[in-house]
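Reviewing the structure listed below.
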Amino acid sequence: MERILIIRYGEISLKGLNRPYFENTLLKNIKTAVKHIGDMNIYKAHGRIYIELGDHDDEEIIEVVINVFGIVSVSVAYIFEADMDKICEIALEHAKECLEKDDIKTFKVEAKRANKKFPVKSPEISRMVGGYILKNTDDLVVDVHNPDVTINIEVRDKAYVYSRKIPGFGGMPYKTSGKAMLLLSGGIDSPVAGWLVAKRGVEIEAIHYHSYPFTSDRAKEKVLELARILSRYCGRIRVHSVNLLNIQKAINENCRLEEMTILSRRFMMKIAERVAMDRKCKALITGESIGQVASQTIESLNVTNASVNIPVFRPLIAMDKMDIIKISKTIDTYETSILPFEDCCTVFLPDRPVTKPRLDKILKSEELLDVEGLINDAINEMEAIIIKSED
Ligand code: ATP
Ligand code: MG
């Protein structure tokens with residue numbers, strides 16, 4: 001029996017004149033996501049996208065498709081000539097399949113007749129199929145309000161029978177909302193921040209700061225692994241890797257240690273802004289959240305913000321750590337984020353960082369440094385790595 005993957009996307013988020021553009025981008029993103037699995041026919045119809053599954057493994061395809069942003073849900077359906085006897089027969093077979101897999105006691109049939117030329121109306125289809133299943137199974141009973149399983153029948157050009165609806169992440173098709181630069185550390189927060197913005201259709205590039213050789217190759221590997229996990233959702237990601245050590249040394253030699261965190265944070269932002277401009281990114285993204293650490297008080301965030309002119313997106317700003325961790329587990333970055341390799345920030349960590357920095361004082365401290373020169377040197381030695389999920 002032929003199977004097809006039905007892919008649903010939100011009608012609310014895809015509205016107006018942009019709709020064809022969003023739909024075509026979504027179609028393209030789905031095609032790109034499954035390309036490594038093999039050839040398959042993928043097309044748009046009835047306000048949905050379909051993948052003819054052929055001999056392919058359903059689960060393998062679902063696993064990658066479900067990560068494509070903009071998808072609300074998917075279902076594997078049997079597809080065949082629309083004929084009432086056949087519909088009853090396939091629906092029964094499918095109900096038995098569901099019985100074998102799960103502990104199912106109740107069911108209902110929901111029919112939708114989109115093809116008005118089909119002689120049997122929707123309620124009648126539901127009634128006939130429901131009756132047929134009841135007659136040919138032993139322990140199933142109908143529950144129209146809260147069934148264990150809903151057998152869906154759709155009659156269009158062909159007939160479709162399915163039950164399971166697997167939820168997607170929603171959001172907007174990737175690359176339909178411009179590009180932004182994610183400040184990606186090895187922590188829990190920044191991968192989540194990047195994922196949330198990417199889910200809104202924003203293409204992301206990443207920039208990471210390390211203090212090699214004070215920080216290890218494994219710390220760098222960890223960040224690249226986080227980028228690799230993000231690339232399951234975003235396709236390929238460019239990661240810019242910047243050595244911050246000379247800047248940290250300069251701060252250490254010329255400024256007060258308690259200003260180390262806020263000063264290096266401003267350098268990170270300025271370098272990210274430069275690279276963002278160069279790469280046509282129109283915003284920065286960070287994983288900051290109010291009050292989480294000393295550098296994330298409102299005063300610190302203000303002083304950090306004042307270092308750049310580009311918008312800074314902080315999608316986690318009002319989220320609790322528990323909620324951030326929940327998302328990081330869902331998107332699969334958590335286990336990598338908690339690996340114990342330090343990124344650059346821990347190398348020159350002050351015992352007591354300033355929690356309420358004043359911009360005028362911080363600007364005075366920066367006057368002691370060759371800010372331009374330090375930034376230029378760091379950018380000149382920067383390396384770019386392209387990360388793909390199948391690598
Ligand atoms: P995270 O879990 O994302 O590391 P955090 O709670 O540890 O965040 P901070 O260390 O204060 O908080 O960092 C705040 C934000 O600054 C991070 O979310 C990230 O966007 C950026 N950042 C911090 N360190 C780095 C780094 N080494 N490279 C790139 N960005 C960084
Ligand atoms: Mg961190």
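In the structure tokens, chains take the letters A, B, ... in the order shown, each chain's residues start at 1, and ligands count up from 1 in the order shown.
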
Write out, as JSON lines, each residue of chain A that has an atom at most 12 Å from ligand 2, together with the closest pair of atoms and their distance in Å to one decimal, counting only C-alpha atoms and all ligand atoms, rows going by chain and rising number.
```
{"residue": "A:Leu183", "atom": "CA", "partner": "ligand 2", "partner_atom_place_in_ligand_line": "1 (Mg)", "distance": 10.2}
{"residue": "A:Leu184", "atom": "CA", "partner": "ligand 2", "partner_atom_place_in_ligand_line": "1 (Mg)", "distance": 8.8}
{"residue": "A:Ser185", "atom": "CA", "partner": "ligand 2", "partner_atom_place_in_ligand_line": "1 (Mg)", "distance": 5.7}
{"residue": "A:Gly186", "atom": "CA", "partner": "ligand 2", "partner_atom_place_in_ligand_line": "1 (Mg)", "distance": 6.4}
{"residue": "A:Gly187", "atom": "CA", "partner": "ligand 2", "partner_atom_place_in_ligand_line": "1 (Mg)", "distance": 4.7}
{"residue": "A:Ile188", "atom": "CA", "partner": "ligand 2", "partner_atom_place_in_ligand_line": "1 (Mg)", "distance": 7.5}
{"residue": "A:Asp189", "atom": "CA", "partner": "ligand 2", "partner_atom_place_in_ligand_line": "1 (Mg)", "distance": 7.5}
{"residue": "A:Ser190", "atom": "CA", "partner": "ligand 2", "partner_atom_place_in_ligand_line": "1 (Mg)", "distance": 7.9}
{"residue": "A:Pro191", "atom": "CA", "partner": "ligand 2", "partner_atom_place_in_ligand_line": "1 (Mg)", "distance": 10.6}
{"residue": "A:His208", "atom": "CA", "partner": "ligand 2", "partner_atom_place_in_ligand_line": "1 (Mg)", "distance": 11.0}
{"residue": "A:Tyr209", "atom": "CA", "partner": "ligand 2", "partner_atom_place_in_ligand_line": "1 (Mg)", "distance": 10.8}
{"residue": "A:His210", "atom": "CA", "partner": "ligand 2", "partner_atom_place_in_ligand_line": "1 (Mg)", "distance": 11.5}
{"residue": "A:Val223", "atom": "CA", "partner": "ligand 2", "partner_atom_place_in_ligand_line": "1 (Mg)", "distance": 11.3}
{"residue": "A:Thr261", "atom": "CA", "partner": "ligand 2", "partner_atom_place_in_ligand_line": "1 (Mg)", "distance": 11.2}
{"residue": "A:Arg265", "atom": "CA", "partner": "ligand 2", "partner_atom_place_in_ligand_line": "1 (Mg)", "distance": 11.0}
{"residue": "A:Thr286", "atom": "CA", "partner": "ligand 2", "partner_atom_place_in_ligand_line": "1 (Mg)", "distance": 10.2}
{"residue": "A:Gly287", "atom": "CA", "partner": "ligand 2", "partner_atom_place_in_ligand_line": "1 (Mg)", "distance": 8.4}
{"residue": "A:Glu288", "atom": "CA", "partner": "ligand 2", "partner_atom_place_in_ligand_line": "1 (Mg)", "distance": 9.1}
{"residue": "A:Ser289", "atom": "CA", "partner": "ligand 2", "partner_atom_place_in_ligand_line": "1 (Mg)", "distance": 11.4}
{"residue": "A:Gln292", "atom": "CA", "partner": "ligand 2", "partner_atom_place_in_ligand_line": "1 (Mg)", "distance": 10.5}
{"residue": "A:Val293", "atom": "CA", "partner": "ligand 2", "partner_atom_place_in_ligand_line": "1 (Mg)", "distance": 9.6}
{"residue": "A:Ala294", "atom": "CA", "partner": "ligand 2", "partner_atom_place_in_ligand_line": "1 (Mg)", "distance": 11.8}
{"residue": "A:Ser295", "atom": "CA", "partner": "ligand 2", "partner_atom_place_in_ligand_line": "1 (Mg)", "distance": 10.5}
{"residue": "A:Gln296", "atom": "CA", "partner": "ligand 2", "partner_atom_place_in_ligand_line": "1 (Mg)", "distance": 11.2}
{"residue": "A:Ser337", "atom": "CA", "partner": "ligand 2", "partner_atom_place_in_ligand_line": "1 (Mg)", "distance": 9.7}
{"residue": "A:Ile338", "atom": "CA", "partner": "ligand 2", "partner_atom_place_in_ligand_line": "1 (Mg)", "distance": 10.8}
{"residue": "A:Pro340", "atom": "CA", "partner": "ligand 2", "partner_atom_place_in_ligand_line": "1 (Mg)", "distance": 11.6}
{"residue": "A:Phe341", "atom": "CA", "partner": "ligand 2", "partner_atom_place_in_ligand_line": "1 (Mg)", "distance": 11.0}
{"residue": "A:Glu342", "atom": "CA", "partner": "ligand 2", "partner_atom_place_in_ligand_line": "1 (Mg)", "distance": 8.6}
{"residue": "A:Asp343", "atom": "CA", "partner": "ligand 2", "partner_atom_place_in_ligand_line": "1 (Mg)", "distance": 7.3}
{"residue": "A:Cys344", "atom": "CA", "partner": "ligand 2", "partner_atom_place_in_ligand_line": "1 (Mg)", "distance": 8.9}
{"residue": "A:Cys345", "atom": "CA", "partner": "ligand 2", "partner_atom_place_in_ligand_line": "1 (Mg)", "distance": 7.2}
{"residue": "A:Thr346", "atom": "CA", "partner": "ligand 2", "partner_atom_place_in_ligand_line": "1 (Mg)", "distance": 8.8}
{"residue": "A:Leu349", "atom": "CA", "partner": "ligand 2", "partner_atom_place_in_ligand_line": "1 (Mg)", "distance": 11.9}
```

Non-local contacts of Ser300 in chain A (9 Å; only C-alpha atoms; under 4 positions in same chain excluded) as number ranges by chain: A: 262, 294-296, 304-305, 354-359

Neighbour list for range 71-82 of chain A as a ChimeraX atom specification, cut-off 10 Å, only C-alpha atoms, skip fewer than 6 positions in-chain: /A:1-11,26,30,48-53,58-59,62,65,90-91,94,115,118,152-173

Range 105-275 of chain A: residues DSSP assigns to strand (DSSP E), reported as a PyMOL selection string: chain A and resi 106-113+141-142+149-155+159-162+166-167+179-183+203-210+237-243

For Ser264 in chain A, the nearest of the candidates A:Ile87, A:Leu245, A:Leu368, A:Val120, counting only C-alpha atoms: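 Counting only C-alpha atoms, the residue closest to Ser264 in chain A is A:Leu245.
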
Closest of A:Lys280, A:Arg113, A:Lys326, A:Lys199 to Ala180 in chain A - atom-to-atom distances counting only C-alpha atoms: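 Answer, going by the shortest atom-to-atom distance: A:Lys280.
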
Distance criterion (only C-alpha atoms): nearest to Val275 in chain A out of A:Lys222, A:Lys249, A:Arg19, A:His240: A:His240

Within range 14-176 of chain A, find each residue whose DSSP state, derived from the backbone, is helix (DSSP H, G or I), and express the selection as a compact mmCIF listing (two decimals) with N, CA and C atoms, in the first residue's frame.
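The result, written out as result19.txt:
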```txt
# COMPACT_ATOMS: atom_id res chain seq x y z
N GLY A 16 -1.32 36.63 3.51
CA GLY A 16 -1.19 37.75 2.58
C GLY A 16 -0.33 37.45 1.37
N LEU A 17 0.24 38.50 0.86
CA LEU A 17 1.00 38.41 -0.39
C LEU A 17 2.25 37.56 -0.27
N ASN A 18 2.76 37.47 0.97
CA ASN A 18 3.99 36.72 1.17
C ASN A 18 3.77 35.21 1.13
N ARG A 19 2.53 34.80 1.14
CA ARG A 19 2.25 33.38 1.29
C ARG A 19 2.99 32.48 0.29
N PRO A 20 2.94 32.78 -1.01
CA PRO A 20 3.66 31.91 -1.95
C PRO A 20 5.16 31.87 -1.66
N TYR A 21 5.71 33.00 -1.26
CA TYR A 21 7.13 33.06 -0.94
C TYR A 21 7.46 32.15 0.25
N PHE A 22 6.64 32.24 1.30
CA PHE A 22 6.85 31.39 2.47
C PHE A 22 6.69 29.91 2.11
N GLU A 23 5.64 29.62 1.35
CA GLU A 23 5.39 28.23 0.99
C GLU A 23 6.52 27.65 0.16
N ASN A 24 6.99 28.44 -0.80
CA ASN A 24 8.06 27.93 -1.66
C ASN A 24 9.36 27.74 -0.89
N THR A 25 9.61 28.66 0.06
CA THR A 25 10.82 28.50 0.88
C THR A 25 10.70 27.26 1.76
N LEU A 26 9.51 27.06 2.33
CA LEU A 26 9.30 25.88 3.16
C LEU A 26 9.52 24.61 2.33
N LEU A 27 8.97 24.61 1.13
CA LEU A 27 9.13 23.44 0.24
C LEU A 27 10.61 23.19 -0.04
N LYS A 28 11.32 24.27 -0.32
CA LYS A 28 12.76 24.15 -0.61
C LYS A 28 13.51 23.63 0.63
N ASN A 29 13.17 24.16 1.80
CA ASN A 29 13.85 23.73 3.03
C ASN A 29 13.60 22.24 3.32
N ILE A 30 12.38 21.79 3.04
CA ILE A 30 12.06 20.37 3.26
C ILE A 30 12.87 19.50 2.28
N LYS A 31 12.91 19.94 1.03
CA LYS A 31 13.69 19.19 0.04
C LYS A 31 15.16 19.10 0.44
N THR A 32 15.70 20.22 0.91
CA THR A 32 17.11 20.22 1.34
C THR A 32 17.32 19.27 2.52
N ALA A 33 16.37 19.29 3.46
CA ALA A 33 16.52 18.48 4.68
C ALA A 33 16.56 16.98 4.38
N VAL A 34 15.80 16.54 3.37
CA VAL A 34 15.72 15.08 3.12
C VAL A 34 16.64 14.62 1.99
N ASP A 58 9.83 5.50 6.92
CA ASP A 58 9.02 6.65 7.39
C ASP A 58 9.74 7.41 8.50
N GLU A 59 10.22 6.65 9.49
CA GLU A 59 10.77 7.29 10.69
C GLU A 59 11.99 8.13 10.37
N GLU A 60 12.81 7.63 9.45
CA GLU A 60 14.02 8.37 9.09
C GLU A 60 13.66 9.72 8.47
N ILE A 61 12.63 9.70 7.64
CA ILE A 61 12.21 10.94 6.99
C ILE A 61 11.54 11.89 7.99
N ILE A 62 10.68 11.33 8.83
CA ILE A 62 9.99 12.17 9.83
C ILE A 62 11.01 12.84 10.74
N GLU A 63 12.02 12.10 11.14
CA GLU A 63 13.02 12.61 12.07
C GLU A 63 13.69 13.90 11.56
N VAL A 64 13.95 13.98 10.27
CA VAL A 64 14.56 15.21 9.76
C VAL A 64 13.51 16.27 9.40
N VAL A 65 12.38 15.82 8.86
CA VAL A 65 11.36 16.78 8.43
C VAL A 65 10.78 17.54 9.63
N MET A 84 -15.50 3.52 -1.71
CA MET A 84 -16.02 3.33 -0.36
C MET A 84 -15.62 1.99 0.26
N ASP A 85 -15.68 0.92 -0.53
CA ASP A 85 -15.28 -0.39 0.02
C ASP A 85 -13.82 -0.40 0.43
N LYS A 86 -13.02 0.19 -0.45
CA LYS A 86 -11.58 0.24 -0.21
C LYS A 86 -11.29 1.07 1.04
N ILE A 87 -12.00 2.18 1.19
CA ILE A 87 -11.80 3.05 2.36
C ILE A 87 -12.09 2.25 3.64
N CYS A 88 -13.19 1.53 3.67
CA CYS A 88 -13.54 0.74 4.85
C CYS A 88 -12.44 -0.29 5.17
N GLU A 89 -12.00 -0.95 4.12
CA GLU A 89 -11.00 -2.00 4.27
C GLU A 89 -9.67 -1.46 4.81
N ILE A 90 -9.19 -0.37 4.20
CA ILE A 90 -7.90 0.20 4.63
C ILE A 90 -8.02 0.80 6.02
N ALA A 91 -9.14 1.45 6.30
CA ALA A 91 -9.33 2.04 7.63
C ALA A 91 -9.31 0.94 8.69
N LEU A 92 -9.94 -0.20 8.39
CA LEU A 92 -9.95 -1.32 9.33
C LEU A 92 -8.52 -1.84 9.55
N GLU A 93 -7.81 -2.01 8.45
CA GLU A 93 -6.43 -2.49 8.56
C GLU A 93 -5.61 -1.54 9.44
N HIS A 94 -5.82 -0.25 9.20
CA HIS A 94 -5.06 0.74 9.96
C HIS A 94 -5.45 0.71 11.44
N ALA A 95 -6.74 0.54 11.70
CA ALA A 95 -7.19 0.44 13.11
C ALA A 95 -6.53 -0.76 13.79
N LYS A 96 -6.43 -1.88 13.06
CA LYS A 96 -5.77 -3.07 13.63
C LYS A 96 -4.29 -2.81 13.90
N GLU A 97 -3.68 -2.08 12.98
CA GLU A 97 -2.26 -1.70 13.16
C GLU A 97 -2.09 -0.90 14.45
N CYS A 98 -2.99 0.05 14.67
CA CYS A 98 -2.94 0.89 15.87
C CYS A 98 -3.12 0.02 17.12
N LEU A 99 -4.04 -0.96 17.03
CA LEU A 99 -4.30 -1.87 18.15
C LEU A 99 -3.06 -2.66 18.52
N GLU A 100 -2.33 -3.07 17.50
CA GLU A 100 -1.12 -3.87 17.74
C GLU A 100 -0.05 -3.05 18.45
N LYS A 101 0.05 -1.78 18.06
CA LYS A 101 1.11 -0.93 18.59
C LYS A 101 0.82 -0.43 19.99
N SER A 122 -19.49 13.33 4.08
CA SER A 122 -18.57 13.11 5.21
C SER A 122 -19.19 12.36 6.38
N PRO A 123 -20.33 12.82 6.94
CA PRO A 123 -20.87 12.12 8.12
C PRO A 123 -21.20 10.66 7.81
N GLU A 124 -21.63 10.44 6.60
CA GLU A 124 -21.98 9.09 6.18
C GLU A 124 -20.72 8.21 6.07
N ILE A 125 -19.64 8.81 5.54
CA ILE A 125 -18.37 8.06 5.47
C ILE A 125 -17.95 7.65 6.89
N SER A 126 -17.99 8.62 7.82
CA SER A 126 -17.59 8.33 9.20
C SER A 126 -18.43 7.19 9.77
N ARG A 127 -19.73 7.28 9.54
CA ARG A 127 -20.64 6.28 10.09
C ARG A 127 -20.35 4.89 9.51
N MET A 128 -20.19 4.84 8.19
CA MET A 128 -19.96 3.55 7.53
C MET A 128 -18.63 2.94 7.96
N VAL A 129 -17.58 3.76 7.98
CA VAL A 129 -16.26 3.24 8.34
C VAL A 129 -16.25 2.82 9.81
N GLY A 130 -16.84 3.66 10.67
CA GLY A 130 -16.92 3.35 12.10
C GLY A 130 -17.62 2.00 12.32
N GLY A 131 -18.74 1.83 11.63
CA GLY A 131 -19.50 0.58 11.75
C GLY A 131 -18.68 -0.61 11.30
N TYR A 132 -17.97 -0.42 10.21
CA TYR A 132 -17.16 -1.52 9.65
C TYR A 132 -16.04 -1.93 10.61
N ILE A 133 -15.43 -0.95 11.23
CA ILE A 133 -14.35 -1.25 12.19
C ILE A 133 -14.93 -1.96 13.42
N LEU A 134 -16.06 -1.46 13.91
CA LEU A 134 -16.70 -2.07 15.07
C LEU A 134 -17.02 -3.54 14.83
N LYS A 135 -17.56 -3.79 13.64
CA LYS A 135 -18.00 -5.14 13.30
C LYS A 135 -16.83 -6.13 13.19
N ASN A 136 -15.68 -5.61 12.78
CA ASN A 136 -14.56 -6.50 12.46
C ASN A 136 -13.42 -6.49 13.48
```

Atomic separation - CA of Ile386 in chain A relative to CA of Lys270 in chain A, Å: 22.3 Å

Selection near Glu367 in chain A, 12 Å with only C-alpha atoms, sequence-local residues under 2 positions removed, as a list in words: Ala250, Ile251, Asn254, Cys255, Leu263, Asp360, Lys361, Ile362, Leu363, Lys364, Ser365, Leu369, Asp370, Val371 and Glu372 of chain A
